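As provided, final-v4.tsv (TSV, C-alpha atoms) reads as follows.
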```
chain	number	residue	atom	x	y	z
S	1	MET	CA	108.62	128.21	175.49
S	2	PRO	CA	109.33	124.52	174.91
S	3	ARG	CA	109.74	123.33	171.28
S	4	GLN	CA	106.68	121.57	169.85
S	5	THR	CA	107.16	117.98	168.94
S	6	VAL	CA	105.22	115.42	167.03
S	7	GLY	CA	105.96	111.98	168.29
S	8	ARG	CA	109.73	112.00	168.96
S	9	LEU	CA	110.66	114.60	166.22
S	10	PRO	CA	110.73	118.34	166.79
S	11	LEU	CA	108.22	120.16	164.60
S	12	GLY	CA	110.96	122.12	162.78
S	13	ARG	CA	112.74	118.93	161.80
S	14	LEU	CA	109.44	117.41	160.67
S	15	ARG	CA	108.81	120.37	158.36
S	16	THR	CA	112.32	120.15	156.94
S	17	THR	CA	112.05	116.40	156.46
S	18	SER	CA	108.63	116.72	154.83
S	19	ALA	CA	109.91	119.35	152.41
S	20	SER	CA	112.84	117.16	151.46
S	21	ALA	CA	110.57	114.21	150.97
S	22	CYS	CA	108.29	116.26	148.77
S	23	ALA	CA	111.23	117.47	146.71
S	24	LEU	CA	112.46	113.92	146.36
S	25	LEU	CA	108.97	112.77	145.36
S	26	VAL	CA	108.75	115.47	142.68
S	27	ALA	CA	112.17	114.50	141.34
S	28	VAL	CA	111.28	110.81	141.25
S	29	THR	CA	107.94	111.57	139.60
S	30	ALA	CA	109.65	113.73	136.97
S	31	LEU	CA	112.21	111.02	136.34
S	32	ALA	CA	109.47	108.44	135.99
S	33	GLY	CA	107.67	110.70	133.55
S	34	CYS	CA	110.89	111.16	131.61
S	35	ASN	CA	111.39	107.42	131.51
S	36	ARG	CA	107.86	106.95	130.22
S	37	ASP	CA	108.52	109.48	127.45
S	38	GLN	CA	111.71	107.69	126.51
S	39	GLU	CA	109.90	104.35	126.43
S	40	ALA	CA	107.33	105.92	124.13
S	41	GLY	CA	110.10	107.03	121.80
S	42	ALA	CA	110.10	110.76	122.58
S	43	ASP	CA	113.88	110.81	122.27
S	44	GLY	CA	113.78	109.33	118.80
S	45	GLY	CA	114.33	105.77	119.99
S	46	GLY	CA	112.11	102.74	120.14
S	47	LYS	CA	111.47	99.68	118.03
S	48	VAL	CA	109.77	100.03	114.65
S	49	GLY	CA	107.57	97.31	113.19
S	50	ILE	CA	107.74	97.13	109.38
S	51	ASP	CA	105.29	95.08	107.31
S	52	LEU	CA	105.94	94.52	103.62
S	53	PRO	CA	102.71	94.27	101.60
S	54	ARG	CA	103.55	91.55	99.06
S	55	ASN	CA	106.36	89.71	97.28
S	56	ASP	CA	104.73	89.03	93.90
S	57	SER	CA	105.71	92.36	92.34
S	58	ASP	CA	109.10	93.58	91.11
S	59	PHE	CA	108.27	97.01	92.47
S	60	TRP	CA	107.60	95.77	96.00
S	61	ASN	CA	110.60	93.46	95.92
S	62	SER	CA	112.75	96.49	95.08
S	63	TYR	CA	111.09	98.46	97.90
S	64	GLN	CA	111.97	95.64	100.29
S	65	GLN	CA	115.62	95.79	99.25
S	66	TYR	CA	115.74	99.52	99.96
S	67	VAL	CA	114.03	99.06	103.32
S	68	GLU	CA	116.44	96.33	104.34
S	69	LYS	CA	119.37	98.51	103.30
S	70	GLY	CA	118.09	101.37	105.47
S	71	VAL	CA	117.54	99.10	108.45
S	72	THR	CA	121.02	97.62	108.07
S	73	ALA	CA	122.44	101.16	107.97
S	74	GLY	CA	120.74	101.87	111.29
S	75	GLU	CA	118.12	104.32	110.06
S	76	VAL	CA	115.69	102.78	112.56
S	77	ASP	CA	115.80	100.04	115.17
S	78	ALA	CA	113.50	97.58	113.44
S	79	LEU	CA	111.80	94.44	114.64
S	80	PRO	CA	112.06	91.46	112.25
S	81	LEU	CA	110.29	92.43	109.03
S	82	THR	CA	107.02	90.71	108.14
S	83	ASN	CA	105.20	90.28	104.82
S	84	SER	CA	101.40	90.26	104.79
S	85	GLN	CA	101.27	88.94	101.19
S	86	ASN	CA	98.31	91.07	100.13
S	87	ASP	CA	96.21	89.57	102.94
S	88	ILE	CA	94.55	92.04	105.32
S	89	GLY	CA	94.14	89.33	107.95
S	90	LYS	CA	97.89	88.69	107.94
S	91	LEU	CA	98.58	92.40	108.18
S	92	VAL	CA	96.34	92.73	111.23
S	93	SER	CA	98.03	89.72	112.82
S	94	ASN	CA	101.51	91.04	112.03
S	95	VAL	CA	100.70	94.41	113.58
S	96	GLN	CA	99.49	92.66	116.74
S	97	VAL	CA	102.83	90.87	116.94
S	98	PHE	CA	104.62	94.21	116.57
S	99	THR	CA	102.75	95.76	119.48
S	100	ASP	CA	103.24	92.64	121.59
S	101	GLN	CA	106.97	93.01	120.95
S	102	GLY	CA	106.96	96.64	122.05
S	103	ALA	CA	106.89	98.50	118.72
S	104	LYS	CA	106.67	102.26	119.22
S	105	ALA	CA	105.93	102.98	115.54
S	106	VAL	CA	104.65	100.92	112.62
S	107	ILE	CA	105.34	101.14	108.88
S	108	MET	CA	102.80	99.38	106.67
S	109	ALA	CA	101.37	99.46	103.15
S	110	PRO	CA	97.77	98.23	103.45
S	111	GLN	CA	96.51	97.01	100.09
S	112	ASP	CA	92.88	97.10	101.25
S	113	THR	CA	92.66	100.68	102.47
S	114	GLY	CA	89.17	100.32	103.89
S	115	ALA	CA	89.64	97.19	106.00
S	116	ILE	CA	92.59	98.54	108.01
S	117	ALA	CA	90.56	101.17	109.90
S	118	GLU	CA	90.00	99.13	113.08
S	119	THR	CA	93.69	98.27	113.37
S	120	LEU	CA	94.62	101.93	112.96
S	121	GLN	CA	92.14	102.83	115.70
S	122	THR	CA	93.77	100.30	118.03
S	123	LEU	CA	97.24	101.66	117.29
S	124	SER	CA	96.02	105.21	117.86
S	125	GLU	CA	94.64	104.24	121.27
S	126	LYS	CA	98.02	102.73	122.12
S	127	LYS	CA	99.72	105.94	120.89
S	128	VAL	CA	101.69	104.02	118.26
S	129	PRO	CA	102.18	106.29	115.20
S	130	VAL	CA	101.67	104.75	111.77
S	131	ILE	CA	103.46	105.48	108.50
S	132	SER	CA	101.49	104.16	105.52
S	133	VAL	CA	103.50	103.64	102.34
S	134	ASP	CA	102.00	103.98	98.85
S	135	THR	CA	98.42	103.70	100.09
S	136	ARG	CA	96.27	106.17	102.00
S	137	PRO	CA	93.92	104.43	104.47
S	138	ASP	CA	90.29	105.47	104.04
S	139	LYS	CA	89.78	105.87	107.80
S	140	GLY	CA	91.93	105.75	110.91
S	141	ASP	CA	94.70	108.04	112.14
S	142	VAL	CA	98.07	107.98	110.42
S	143	TYR	CA	101.13	110.04	111.29
S	144	MET	CA	102.23	110.20	107.66
S	145	VAL	CA	101.33	108.67	104.30
S	146	VAL	CA	104.33	108.33	101.99
S	147	ARG	CA	103.18	108.10	98.39
S	148	ALA	CA	103.16	109.88	95.07
S	149	ASP	CA	100.09	111.65	93.72
S	150	ASN	CA	98.26	108.65	92.26
S	151	ARG	CA	95.68	110.79	90.49
S	152	ALA	CA	98.60	112.28	88.59
S	153	TYR	CA	99.50	108.74	87.45
S	154	GLY	CA	96.13	108.34	85.78
S	155	GLU	CA	96.19	111.86	84.34
S	156	LYS	CA	99.72	111.49	82.93
S	157	ALA	CA	98.80	108.14	81.35
S	158	CYS	CA	95.66	109.62	79.82
S	159	GLN	CA	97.44	112.68	78.49
S	160	TYR	CA	100.24	110.63	76.96
S	161	LEU	CA	97.93	108.10	75.29
S	162	GLY	CA	95.55	110.79	74.10
S	163	GLU	CA	98.32	112.76	72.45
S	164	GLN	CA	100.02	109.72	70.92
S	165	LEU	CA	96.72	108.44	69.49
S	166	LYS	CA	95.72	111.93	68.38
S	167	GLY	CA	92.46	111.65	70.26
S	168	LYS	CA	91.09	108.61	68.43
S	169	GLY	CA	91.11	104.87	68.98
S	170	LYS	CA	90.44	102.14	71.51
S	171	VAL	CA	92.33	101.78	74.77
S	172	VAL	CA	92.46	98.94	77.29
S	173	GLU	CA	92.94	99.96	80.93
S	174	PHE	CA	94.18	97.40	83.47
S	175	GLN	CA	92.60	98.72	86.65
S	176	GLY	CA	94.14	97.88	90.00
S	177	ASP	CA	92.08	96.71	92.94
S	178	LEU	CA	89.34	99.31	93.41
S	179	ALA	CA	89.30	98.50	97.14
S	180	SER	CA	92.68	100.26	97.13
S	181	ILE	CA	92.90	104.05	97.14
S	182	ASN	CA	95.62	103.77	94.49
S	183	GLY	CA	93.44	101.74	92.17
S	184	ARG	CA	90.57	104.17	92.65
S	185	ASP	CA	92.71	107.30	92.24
S	186	ARG	CA	94.36	106.08	89.04
S	187	SER	CA	91.11	104.77	87.55
S	188	GLU	CA	89.02	107.83	88.40
S	189	ALA	CA	91.65	110.28	87.18
S	190	PHE	CA	92.21	108.35	83.93
S	191	LYS	CA	88.48	108.19	83.20
S	192	SER	CA	87.89	111.85	84.05
S	193	CYS	CA	90.75	112.95	81.82
S	194	MET	CA	89.65	110.73	78.92
S	195	ASP	CA	86.03	111.88	79.17
S	196	GLN	CA	86.96	115.56	79.23
S	197	LYS	CA	89.95	115.75	76.90
S	198	PHE	CA	89.72	112.76	74.55
S	199	PRO	CA	86.06	111.80	74.03
S	200	GLY	CA	86.99	110.19	70.72
S	201	ILE	CA	88.88	107.40	72.49
S	202	GLU	CA	86.88	104.38	73.66
S	203	VAL	CA	88.20	102.93	76.94
S	204	PHE	CA	87.74	99.31	78.02
S	205	GLU	CA	88.09	99.19	81.80
S	206	LEU	CA	89.35	95.77	82.92
S	207	ALA	CA	89.25	95.09	86.67
S	208	THR	CA	92.27	92.96	87.61
S	209	ASP	CA	92.69	93.02	91.41
S	210	TRP	CA	96.39	93.74	90.64
S	211	LYS	CA	96.76	90.22	89.15
S	212	GLY	CA	98.77	89.71	85.96
S	213	ASP	CA	97.07	86.50	84.91
S	214	VAL	CA	93.65	88.13	85.21
S	215	ALA	CA	94.81	91.07	83.10
S	216	SER	CA	96.24	88.77	80.42
S	217	ALA	CA	93.07	86.69	80.18
S	218	LYS	CA	90.84	89.75	79.93
S	219	LEU	CA	93.13	91.39	77.38
S	220	GLN	CA	92.94	88.27	75.21
S	221	SER	CA	89.14	88.38	75.26
S	222	THR	CA	89.08	92.10	74.52
S	223	LEU	CA	91.47	91.73	71.60
S	224	ALA	CA	89.31	88.96	70.15
S	225	ALA	CA	86.28	91.24	70.19
S	226	HIS	CA	88.19	94.41	69.26
S	227	PRO	CA	91.26	93.59	67.15
S	228	ASP	CA	91.76	97.32	66.48
S	229	ILE	CA	92.87	98.09	70.06
S	230	ASN	CA	95.68	100.64	69.73
S	231	GLY	CA	96.47	101.62	73.30
S	232	ILE	CA	97.02	100.01	76.73
S	233	TYR	CA	97.32	101.59	80.16
S	234	MET	CA	98.81	99.28	82.80
S	235	GLN	CA	98.32	100.63	86.32
S	236	ALA	CA	101.18	98.49	87.68
S	237	GLY	CA	104.01	97.32	85.46
S	238	GLY	CA	105.37	95.15	88.23
S	239	VAL	CA	102.50	92.70	87.82
S	240	PHE	CA	101.20	93.44	84.30
S	241	LEU	CA	104.29	93.94	82.15
S	242	GLN	CA	105.51	90.41	81.53
S	243	PRO	CA	102.15	88.68	80.94
S	244	THR	CA	101.06	91.51	78.63
S	245	LEU	CA	104.21	91.42	76.53
S	246	ALA	CA	104.07	87.62	76.38
S	247	LEU	CA	100.50	87.71	75.05
S	248	LEU	CA	101.21	90.42	72.49
S	249	GLU	CA	104.30	88.58	71.26
S	250	GLN	CA	102.30	85.36	70.96
S	251	LYS	CA	99.70	87.16	68.84
S	252	LYS	CA	102.38	88.98	66.83
S	253	LEU	CA	100.97	92.31	67.98
S	254	LEU	CA	104.14	93.61	69.60
S	255	LYS	CA	105.38	96.09	67.01
S	256	ALA	CA	107.92	98.89	67.31
S	257	PRO	CA	106.78	102.51	67.80
S	258	GLY	CA	106.01	104.06	64.43
S	259	ALA	CA	105.36	100.71	62.76
S	260	PRO	CA	101.87	99.99	61.33
S	261	GLY	CA	99.68	98.33	63.95
S	262	HIS	CA	101.81	99.52	66.90
S	263	ILE	CA	99.90	99.45	70.20
S	264	THR	CA	100.92	102.39	72.38
S	265	ILE	CA	101.56	101.19	75.94
S	266	ILE	CA	102.08	103.23	79.08
S	267	SER	CA	102.61	101.77	82.52
S	268	ASN	CA	103.09	102.76	86.17
S	269	ASP	CA	105.97	101.73	88.47
S	270	GLY	CA	109.26	102.51	86.74
S	271	ILE	CA	110.92	99.15	87.47
S	272	PRO	CA	114.11	98.23	85.56
S	273	GLU	CA	112.17	95.83	83.32
S	274	GLU	CA	109.88	98.66	82.19
S	275	LEU	CA	112.83	100.89	81.38
S	276	ASP	CA	114.40	98.06	79.38
S	277	ALA	CA	111.10	97.57	77.55
S	278	ILE	CA	111.08	101.28	76.64
S	279	ARG	CA	114.65	101.04	75.34
S	280	GLU	CA	113.71	97.98	73.28
S	281	GLY	CA	110.59	99.63	71.85
S	282	LYS	CA	108.21	97.14	73.49
S	283	ILE	CA	106.37	99.77	75.53
S	284	ASP	CA	106.32	103.53	75.09
S	285	ALA	CA	106.32	105.05	78.57
S	286	THR	CA	105.88	104.61	82.29
S	287	VAL	CA	105.36	106.82	85.32
S	288	SER	CA	108.21	106.10	87.72
S	289	GLN	CA	106.99	105.30	91.21
S	290	PRO	CA	109.99	105.95	93.48
S	291	ALA	CA	110.61	102.69	95.36
S	292	ASP	CA	113.83	104.08	96.80
S	293	LEU	CA	112.18	107.24	98.12
S	294	TYR	CA	109.23	105.29	99.49
S	295	ALA	CA	111.63	103.29	101.64
S	296	LYS	CA	113.87	106.23	102.55
S	297	TYR	CA	111.09	108.52	103.69
S	298	ALA	CA	109.06	105.80	105.38
S	299	LEU	CA	112.05	105.26	107.66
S	300	TYR	CA	112.62	109.03	107.93
S	301	TRP	CA	109.06	109.75	109.04
S	302	ALA	CA	109.16	106.83	111.48
S	303	LYS	CA	112.13	108.49	113.15
S	304	GLU	CA	110.33	111.84	113.17
S	305	ALA	CA	107.28	110.23	114.76
S	306	LEU	CA	109.38	108.62	117.49
S	307	ALA	CA	110.99	111.99	118.17
S	308	GLY	CA	107.57	113.56	118.63
S	309	THR	CA	107.94	115.91	115.66
S	310	ALA	CA	104.69	117.45	114.45
S	311	PRO	CA	104.46	117.36	110.62
S	312	LYS	CA	103.96	120.64	108.78
S	313	GLU	CA	102.26	121.33	105.47
S	314	GLY	CA	104.26	122.67	102.55
S	315	ALA	CA	107.31	122.02	100.41
S	316	THR	CA	110.03	119.78	101.84
S	317	ASP	CA	113.78	119.69	101.33
S	318	HIS	CA	113.42	116.49	99.27
S	319	GLU	CA	111.39	117.90	96.35
S	320	SER	CA	108.03	116.80	97.68
S	321	THR	CA	105.01	118.44	99.24
S	322	VAL	CA	103.39	117.55	102.57
S	323	ILE	CA	99.62	118.01	102.51
S	324	LYS	CA	97.00	117.70	105.25
S	325	ILE	CA	94.56	114.85	104.78
S	326	PRO	CA	91.46	114.12	106.91
S	327	ASN	CA	93.24	111.47	109.00
S	328	GLY	CA	96.80	112.81	109.12
S	329	PHE	CA	99.42	114.06	106.67
S	330	GLU	CA	100.73	112.90	103.31
S	331	ASP	CA	104.21	113.36	101.84
S	332	GLN	CA	103.63	113.45	98.07
S	333	LEU	CA	106.85	112.39	96.38
S	334	PRO	CA	107.70	113.22	92.75
S	335	ALA	CA	106.88	110.62	90.06
S	336	PRO	CA	108.20	111.57	86.61
S	337	LEU	CA	106.97	110.40	83.21
S	338	VAL	CA	109.61	108.21	81.55
S	339	THR	CA	109.85	107.88	77.75
S	340	LYS	CA	112.65	107.05	75.31
S	341	GLU	CA	113.83	110.66	75.68
S	342	ASN	CA	114.74	110.35	79.38
S	343	VAL	CA	114.88	106.59	80.00
S	344	ASP	CA	118.62	106.72	80.74
S	345	ASP	CA	118.35	109.53	83.30
S	346	PRO	CA	120.66	108.49	86.18
S	347	LYS	CA	118.26	110.05	88.70
S	348	LEU	CA	115.62	107.38	88.02
S	349	TRP	CA	115.69	104.85	90.84
S	350	ALA	CA	115.63	101.87	88.48
S	351	ASN	CA	118.81	103.09	86.79
S	352	GLN	CA	120.48	103.46	90.18
S	353	LEU	CA	119.40	99.96	91.09
S	354	GLU	CA	120.94	98.55	87.93
S	355	LYS	CA	124.27	100.21	88.67
S	356	LYS	CA	124.36	98.66	92.14
S	357	SER	CA	123.55	95.15	90.97
```

What does the file become when written as structure tokens?
Amino acid sequence: MPRQTVGRLPLGRLRTTSASACALLVAVTALAGCNRDQEAGADGGGKVGIDLPRNDSDFWNSYQQYVEKGVTAGEVDALPLTNSQNDIGKLVSNVQVFTDQGAKAVIMAPQDTGAIAETLQTLSEKKVPVISVDTRPDKGDVYMVVRADNRAYGEKACQYLGEQLKGKGKVVEFQGDLASINGRDRSEAFKSCMDQKFPGIEVFELATDWKGDVASAKLQSTLAAHPDINGIYMQAGGVFLQPTLALLEQKKLLKAPGAPGHITIISNDGIPEELDAIREGKIDATVSQPADLYAKYALYWAKEALAGTAPKEGATDHESTVIKIPNGFEDQLPAPLVTKENVDDPKLWANQLEKKS
């Protein structure tokens, strides 16, 4: 029986050739898929866009130094860093530049946690994971939020002031921007604690938008109306410390702990200037916000995101806890209370920073 042919090729050869072609097509398709995964950063590679939130705070300037050190050490392959200067419009624009330049992950610290939702939605659609530092966006997917428990900041400040004042007196609270989750968390926790545990303390809530000059002006007015103020809670020492101390010195109200008329002051941030102020008896305490760990684990989680690692809830190997939040995960880093008893602890990031300078 003569061999069947199609055109000029025998049917057997056609089948063999077709099978080879199919095998080659599968291999090429698989390779293309692999290449796409690599481009998306599945192997842990890819460019990372990093936006710094502001440069008017000692805390954030320290954070920037730690980020730059990590980038220089090769922790991630970063695009040129940007600074949105506390302007949500600039942040949105900077993120657009990142994606135009091929960023496969983005690290940001949105100061307005409500207005960033649309940008997060766009990044999610482009499959670009986001690490949010210090602030938890109200809406929009994030791969990981790197921050300390900000409600604990307010609670620790309340507990410290309440105990030092023995449950009586008048306290000024410099509230951060209430459009920020951090400002809300600290303010709500401080108020709740004061209401429940220290009802004998009157609290004057001063909205500041994280601005030192606003805080100083409002403190001056409050002191004029209530000269018996005996406590101050500053939600961010990086912006409030110097103007507050300057005003109190001018009014001769800056007195050492234990002296008559001493105003008990507790802050948040843990910058070197706050630790020096504790040593000098100008303020009493602060809650140390770990600028070094914020930078370290922002870069760490960016690498994990690029590698396609799925975060898990629970304790970590760096003394923190990862929790599930409605729009992603949050790595809650430790933030210790610092007083004269432990101000020289070498583990505090500000003390490490001083040694390196």

Just to confirm, what's the straight-line distance from CA of Pro129 in chain S to CA of Tyr143 in chain S in Å (one decimal)?
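Answer for the CA of Pro129 in chain S to CA of Tyr143 in chain S separation: 5.5 Å.
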
Which residue out of S:Met234, S:Val203, S:Pro326, S:Asp331 has the minimum interatomic distance to Glu313 in chain S when all atoms listed in the file are used?
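Checking each candidate against Glu313 in chain S, we get S:Asp331 as the closest.
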
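CA of Glu188 in chain S to CA of Glu155 in chain S spans 9.2 Å [interatomic distance, one decimal].
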
Point out the residue among S:Ala105, S:Ala335, S:Val130, S:Leu165 with the least atom-to-atom distance to Gly258 in chain S, counting only C-alpha atoms.
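The closest residue to Gly258 in chain S is S:Leu165.
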
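Reported to one decimal place, the separation of CA of Lys166 in chain S from CA of Leu254 in chain S is 20.2 Å.
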
Excluding Ile107 in chain S and any residue of its chain fewer than 6 positions from it, enumerate the residues within 9 Å of it, using all atoms listed in the file, and give them as an mmCIF file with C-alpha atoms, in the coordinates of the input.
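around-v7.cif was written with the following content:
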```
data_model
loop_
_atom_site.group_PDB
_atom_site.id
_atom_site.type_symbol
_atom_site.label_atom_id
_atom_site.label_comp_id
_atom_site.auth_asym_id
_atom_site.auth_seq_id
_atom_site.Cartn_x
_atom_site.Cartn_y
_atom_site.Cartn_z
ATOM 1 C CA VAL S 48 109.770 100.030 114.650
ATOM 2 C CA GLY S 49 107.570 97.310 113.190
ATOM 3 C CA ILE S 50 107.740 97.130 109.380
ATOM 4 C CA ASP S 51 105.290 95.080 107.310
ATOM 5 C CA LEU S 52 105.940 94.520 103.620
ATOM 6 C CA PRO S 129 102.180 106.290 115.200
ATOM 7 C CA VAL S 130 101.670 104.750 111.770
ATOM 8 C CA ILE S 131 103.460 105.480 108.500
ATOM 9 C CA SER S 132 101.490 104.160 105.520
ATOM 10 C CA VAL S 133 103.500 103.640 102.340
ATOM 11 C CA ALA S 298 109.060 105.800 105.380
ATOM 12 C CA LEU S 299 112.050 105.260 107.660
ATOM 13 C CA ALA S 302 109.160 106.830 111.480
#
```

Pick from S:Tyr297, S:Ser187, S:Phe198, S:Asn230 nearest to Asp317 in chain S, counting all atoms listed in the file
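Ranked by minimum distance to Asp317 in chain S, first place goes to S:Tyr297.
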
Write out as a ChimeraX atom specification which residues come within 10 Å of Asp149 in chain S when counting all atoms listed in the file, dropping same-chain ones fewer than 5 positions away.
/S:134,154,182,185-186,289,330-335

Select, from S:Lys126, S:Lys197, S:Lys90, S:Lys340, the residue with the minimum atom-to-atom distance to Gln159 in chain S, counting all atoms listed in the file.
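When distances to Gln159 in chain S are compared using all atoms listed in the file, the smallest one comes from S:Lys197.
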
Can you tell me, as a PyMOL selection string, what residues are no more than 10 Å from range 272-282 of chain S when counting only C-alpha atoms, ignoring any on the same chain fewer than 5 positions away?
chain S and resi 58-59+62+237-238+241-242+245+248-249+254-258+262-267+287-288+338-344+348-354
